[in-house]
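J.: The structure that follows is given in the form of structure tokens.
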Amino acid sequence: MMLLQRGFTLIELMVVIAIVGLLASFAVPAYQDHLVRARVSEGLALAAGAKTQVLENLSGGNPGSSPEGYSQGYVAPASTANIQSLTIEPETGVIGIKTTAAAGGGLVLLVPYTGNPNAPVALPNGTSAFTPPSQGNLLWKCLTQGGTAPANIALPAGTRLRAQLAPPECR
């Protein structure tokens with residue numbers, strides 16, 4: 001007598017469910033990190049206006065020794081669900097992007113310098129009188145936890161965002 005098997009046995013179904021569960025246990029945390037990186041990217045997009053302001057203040061110099069330095073004329077955008085604040089350090093031009101808990105709850109720093117990445121030159125003190133530098137373009141380095149600033153630039157205090165939660169250009 002010939003028996004025909006129809007459908008799956010209970011063991012086969014349990015093995016498939018176990019494999020799907022194992023794959024999901026790896027995929028969900030990676031997906032969560034991806035969501036946070038996308039939220040942090042919002043801050044990098046908002047920082048475009050701050051970068052422009054630093055460049056304008058650098059290229060104009062500071063003949064009057066304004067205490068606002070590189071932040072002179074900058075109006076920070078309103079906070080969002082992902083970005084708590086965006087600031088420019090008057091002396092150094094360092095842009096600080098403070099993220100909310102939904103976006104990792106840390107500080108991402110955009111550090112300006114001139115020269116080239118192999119020989120960075122710090123910007124002149126923005127609160128003192130200076131003439132615009134002539135050594136090339138204004139470059140930016142994105143810093144998160146564990147990153148070091150080019151040209152020994154003093155960085156603002158604050159807990160920086162974990163590197164794994166930052167977009168690729170900030171690692």
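Chain lettering (A, B, ...) mirrors the order of the structure tokens, residue numbering begins at 1 for each chain separately, and ligand numbering begins at 1 in order of display.
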At a cut-off of 12 Å, can you tabulate as JSON lines every residue of region 21-66 of chain A near region 83-105 of chain A together with its closest atom pair and the distance in Å to one decimal, using only C-alpha atoms and ordering rows by chain then number?
T.:
```
{"residue": "A:Gln32", "atom": "CA", "partner": "A:Ala103", "partner_atom": "CA", "distance": 10.3}
{"residue": "A:Asp33", "atom": "CA", "partner": "A:Gly104", "partner_atom": "CA", "distance": 9.0}
{"residue": "A:His34", "atom": "CA", "partner": "A:Ala103", "partner_atom": "CA", "distance": 10.4}
{"residue": "A:Leu35", "atom": "CA", "partner": "A:Ala103", "partner_atom": "CA", "distance": 8.2}
{"residue": "A:Val36", "atom": "CA", "partner": "A:Ala103", "partner_atom": "CA", "distance": 4.9}
{"residue": "A:Arg37", "atom": "CA", "partner": "A:Ala103", "partner_atom": "CA", "distance": 7.3}
{"residue": "A:Ala38", "atom": "CA", "partner": "A:Ala103", "partner_atom": "CA", "distance": 8.3}
{"residue": "A:Arg39", "atom": "CA", "partner": "A:Ala103", "partner_atom": "CA", "distance": 5.4}
{"residue": "A:Val40", "atom": "CA", "partner": "A:Ala103", "partner_atom": "CA", "distance": 5.7}
{"residue": "A:Ser41", "atom": "CA", "partner": "A:Ala103", "partner_atom": "CA", "distance": 9.3}
{"residue": "A:Glu42", "atom": "CA", "partner": "A:Ile83", "partner_atom": "CA", "distance": 7.5}
{"residue": "A:Gly43", "atom": "CA", "partner": "A:Ile83", "partner_atom": "CA", "distance": 6.0}
{"residue": "A:Leu44", "atom": "CA", "partner": "A:Ile97", "partner_atom": "CA", "distance": 7.8}
{"residue": "A:Ala45", "atom": "CA", "partner": "A:Ile97", "partner_atom": "CA", "distance": 10.5}
{"residue": "A:Leu46", "atom": "CA", "partner": "A:Leu86", "partner_atom": "CA", "distance": 8.1}
{"residue": "A:Ala47", "atom": "CA", "partner": "A:Leu86", "partner_atom": "CA", "distance": 7.2}
{"residue": "A:Ala48", "atom": "CA", "partner": "A:Ile95", "partner_atom": "CA", "distance": 10.1}
{"residue": "A:Gly49", "atom": "CA", "partner": "A:Leu86", "partner_atom": "CA", "distance": 10.2}
{"residue": "A:Ala50", "atom": "CA", "partner": "A:Ile88", "partner_atom": "CA", "distance": 7.1}
{"residue": "A:Lys51", "atom": "CA", "partner": "A:Ile95", "partner_atom": "CA", "distance": 7.7}
{"residue": "A:Thr52", "atom": "CA", "partner": "A:Gly93", "partner_atom": "CA", "distance": 10.9}
{"residue": "A:Gln53", "atom": "CA", "partner": "A:Ile88", "partner_atom": "CA", "distance": 9.1}
{"residue": "A:Val54", "atom": "CA", "partner": "A:Gly93", "partner_atom": "CA", "distance": 6.1}
{"residue": "A:Leu55", "atom": "CA", "partner": "A:Gly93", "partner_atom": "CA", "distance": 9.0}
{"residue": "A:Glu56", "atom": "CA", "partner": "A:Gly93", "partner_atom": "CA", "distance": 11.2}
{"residue": "A:Asn57", "atom": "CA", "partner": "A:Gly93", "partner_atom": "CA", "distance": 9.3}
{"residue": "A:Leu58", "atom": "CA", "partner": "A:Gly93", "partner_atom": "CA", "distance": 8.9}
{"residue": "A:Asn62", "atom": "CA", "partner": "A:Glu91", "partner_atom": "CA", "distance": 11.1}
{"residue": "A:Ser65", "atom": "CA", "partner": "A:Glu91", "partner_atom": "CA", "distance": 10.8}
{"residue": "A:Ser66", "atom": "CA", "partner": "A:Pro90", "partner_atom": "CA", "distance": 9.2}
```
J.: Take the residues just selected and output them with C-alpha atoms as a tab-separated table (two decimals), in the first residue's frame.
T.:
```tsv
chain	number	residue	atom	x	y	z
A	32	GLN	CA	17.00	50.12	14.39
A	33	ASP	CA	20.56	51.47	13.89
A	34	HIS	CA	19.67	52.31	10.29
A	35	LEU	CA	16.63	54.31	11.47
A	36	VAL	CA	18.78	56.29	13.93
A	37	ARG	CA	21.37	57.04	11.20
A	38	ALA	CA	18.58	58.39	9.00
A	39	ARG	CA	17.39	60.61	11.86
A	40	VAL	CA	20.93	61.93	12.45
A	41	SER	CA	21.16	62.74	8.74
A	42	GLU	CA	18.40	65.28	9.29
A	43	GLY	CA	20.81	67.20	11.53
A	44	LEU	CA	23.53	67.12	8.89
A	45	ALA	CA	21.07	68.54	6.37
A	46	LEU	CA	20.04	71.30	8.80
A	47	ALA	CA	23.72	72.13	9.37
A	48	ALA	CA	24.13	73.27	5.76
A	49	GLY	CA	22.94	76.76	6.72
A	50	ALA	CA	25.39	76.88	9.63
A	51	LYS	CA	28.25	75.82	7.34
A	52	THR	CA	27.38	78.63	4.96
A	53	GLN	CA	27.34	81.13	7.84
A	54	VAL	CA	30.79	80.03	9.06
A	55	LEU	CA	32.15	80.33	5.51
A	56	GLU	CA	30.67	83.84	5.10
A	57	ASN	CA	32.13	84.99	8.42
A	58	LEU	CA	35.50	83.44	7.59
A	62	ASN	CA	36.42	89.97	11.69
A	65	SER	CA	36.47	91.82	16.87
A	66	SER	CA	32.82	90.84	17.24
```
J.: If you run DSSP on the backbone here, which positions in region 8-165 of chain A get strand (DSSP E)? Please write them as an NGL selection string.
T.: :A and (83-88 or 95-99 or 107-116 or 119-121 or 139-143)
J.: Quick one: pull the distance between CA of Ala24 (chain A) and CA of Gly7 (chain A), Å, one decimal.
T.: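 So the answer is 25.0 Å.
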J.: At most 7 Å is the cut-off: for each residue in region 79-149 of chain A with any atom that close to an atom of region 154-169 of chain A, write down the nearest atom pair and the distance in Å rounded to one decimal, counting only C-alpha atoms, chain first then increasing number, as JSON lines.
T.:
```
{"residue": "A:Gly104", "atom": "CA", "partner": "A:Leu161", "partner_atom": "CA", "distance": 6.5}
{"residue": "A:Gly105", "atom": "CA", "partner": "A:Leu161", "partner_atom": "CA", "distance": 6.7}
{"residue": "A:Gly106", "atom": "CA", "partner": "A:Leu161", "partner_atom": "CA", "distance": 4.0}
{"residue": "A:Leu107", "atom": "CA", "partner": "A:Arg160", "partner_atom": "CA", "distance": 4.2}
{"residue": "A:Val108", "atom": "CA", "partner": "A:Leu161", "partner_atom": "CA", "distance": 6.0}
{"residue": "A:Thr144", "atom": "CA", "partner": "A:Leu161", "partner_atom": "CA", "distance": 5.3}
{"residue": "A:Gln145", "atom": "CA", "partner": "A:Arg160", "partner_atom": "CA", "distance": 5.0}
```
J.: Those same residues, written as an mmCIF file, in the first residue's frame with C-alpha atoms?
T.:
```
data_model
loop_
_atom_site.group_PDB
_atom_site.id
_atom_site.type_symbol
_atom_site.label_atom_id
_atom_site.label_comp_id
_atom_site.auth_asym_id
_atom_site.auth_seq_id
_atom_site.Cartn_x
_atom_site.Cartn_y
_atom_site.Cartn_z
ATOM 1 C CA GLY A 104 20.748 58.521 19.522
ATOM 2 C CA GLY A 105 20.832 61.293 22.129
ATOM 3 C CA GLY A 106 24.328 62.628 21.490
ATOM 4 C CA LEU A 107 26.381 65.412 19.960
ATOM 5 C CA VAL A 108 27.701 65.366 16.404
ATOM 6 C CA THR A 144 31.349 61.381 16.820
ATOM 7 C CA GLN A 145 32.467 59.362 19.829
#
```
J.: Taking only C-alpha atoms into account, name the residue in A:Ala129, A:Val121, A:Leu110, A:Ile19 that is nearest to Cys170 (chain A).
T.: A:Leu110
J.: Can you list every residue in region 40-166 of chain A that DSSP puts in alpha helix (DSSP H), as a list in words?
T.: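 Alpha helix (DSSP H) assignments inside region 40-166 of chain A correspond to Val40, Ser41, Glu42, Gly43, Leu44, Ala45, Leu46, Ala47, Ala48, Gly49, Ala50, Lys51, Thr52, Gln53, Val54, Leu55, Glu56, Asn57, Leu58, Ser59 and Gly60 of chain A.
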J.: List the neighbours of Ala119 (chain A) out to 9 Å using only C-alpha atoms; skip same-chain residues closer than 5 positions along the sequence, and give me the result as an NGL selection string.
T.: :A and (114 or 150-151)
J.: Would you compute the distance between CA of Cys142 (chain A) and CA of Arg171 (chain A)? Give it in Å to one decimal.
T.: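 Those two atoms sit 7.6 Å apart.
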J.: Got a sec: who's within 10 Å of Asn152 (chain A), counting only C-alpha atoms, leaving out chain neighbours fewer than 4 positions off, as a list in words?
T.: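 The filter keeps Pro120, Val121, Ala122 and Thr148 of chain A.
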J.: Using N, CA and C atoms, can you export the residues from the last selection as a JSON list (two decimals), in the first residue's frame?
T.:
```json
[["chain", "number", "residue", "atom", "x", "y", "z"],
["A", 120, "PRO", "N", 46.02, 69.75, 8.22],
["A", 120, "PRO", "CA", 44.96, 70.70, 8.52],
["A", 120, "PRO", "C", 45.47, 71.92, 9.26],
["A", 121, "VAL", "N", 44.81, 73.05, 8.99],
["A", 121, "VAL", "CA", 45.15, 74.31, 9.64],
["A", 121, "VAL", "C", 43.87, 74.83, 10.30],
["A", 122, "ALA", "N", 43.93, 75.11, 11.60],
["A", 122, "ALA", "CA", 42.76, 75.61, 12.32],
["A", 122, "ALA", "C", 42.39, 77.00, 11.82],
["A", 148, "THR", "N", 38.86, 62.32, 16.63],
["A", 148, "THR", "CA", 39.74, 63.40, 17.07],
["A", 148, "THR", "C", 39.68, 64.55, 16.08]]
```
J.: Quick one: residues within 8 Å of Trp140 (chain A), only C-alpha atoms counted, chain neighbours fewer than 3 positions away excluded, as a ChimeraX atom specification?
T.: /A:110-113
J.: Can you work out which one of A:Asn125, A:Asn137, A:Asn82, A:Asn118 has the shortest atom-to-atom distance to Gly69 (chain A), counting only C-alpha atoms?
T.: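 Using only C-alpha atoms, the shortest distance to Gly69 (chain A) belongs to A:Asn125.
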J.: So, with only C-alpha atoms as the atoms that count, which of A:Gly146, A:Pro67, A:Val75, A:Ala81 lies closest to Gly126 (chain A)?
T.: A:Pro67
J.: Rounded to one decimal, what separation in Å do you get between CA of Gly115 (chain A) and CA of Gly136 (chain A)?
T.: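 Those two atoms sit 5.6 Å apart.
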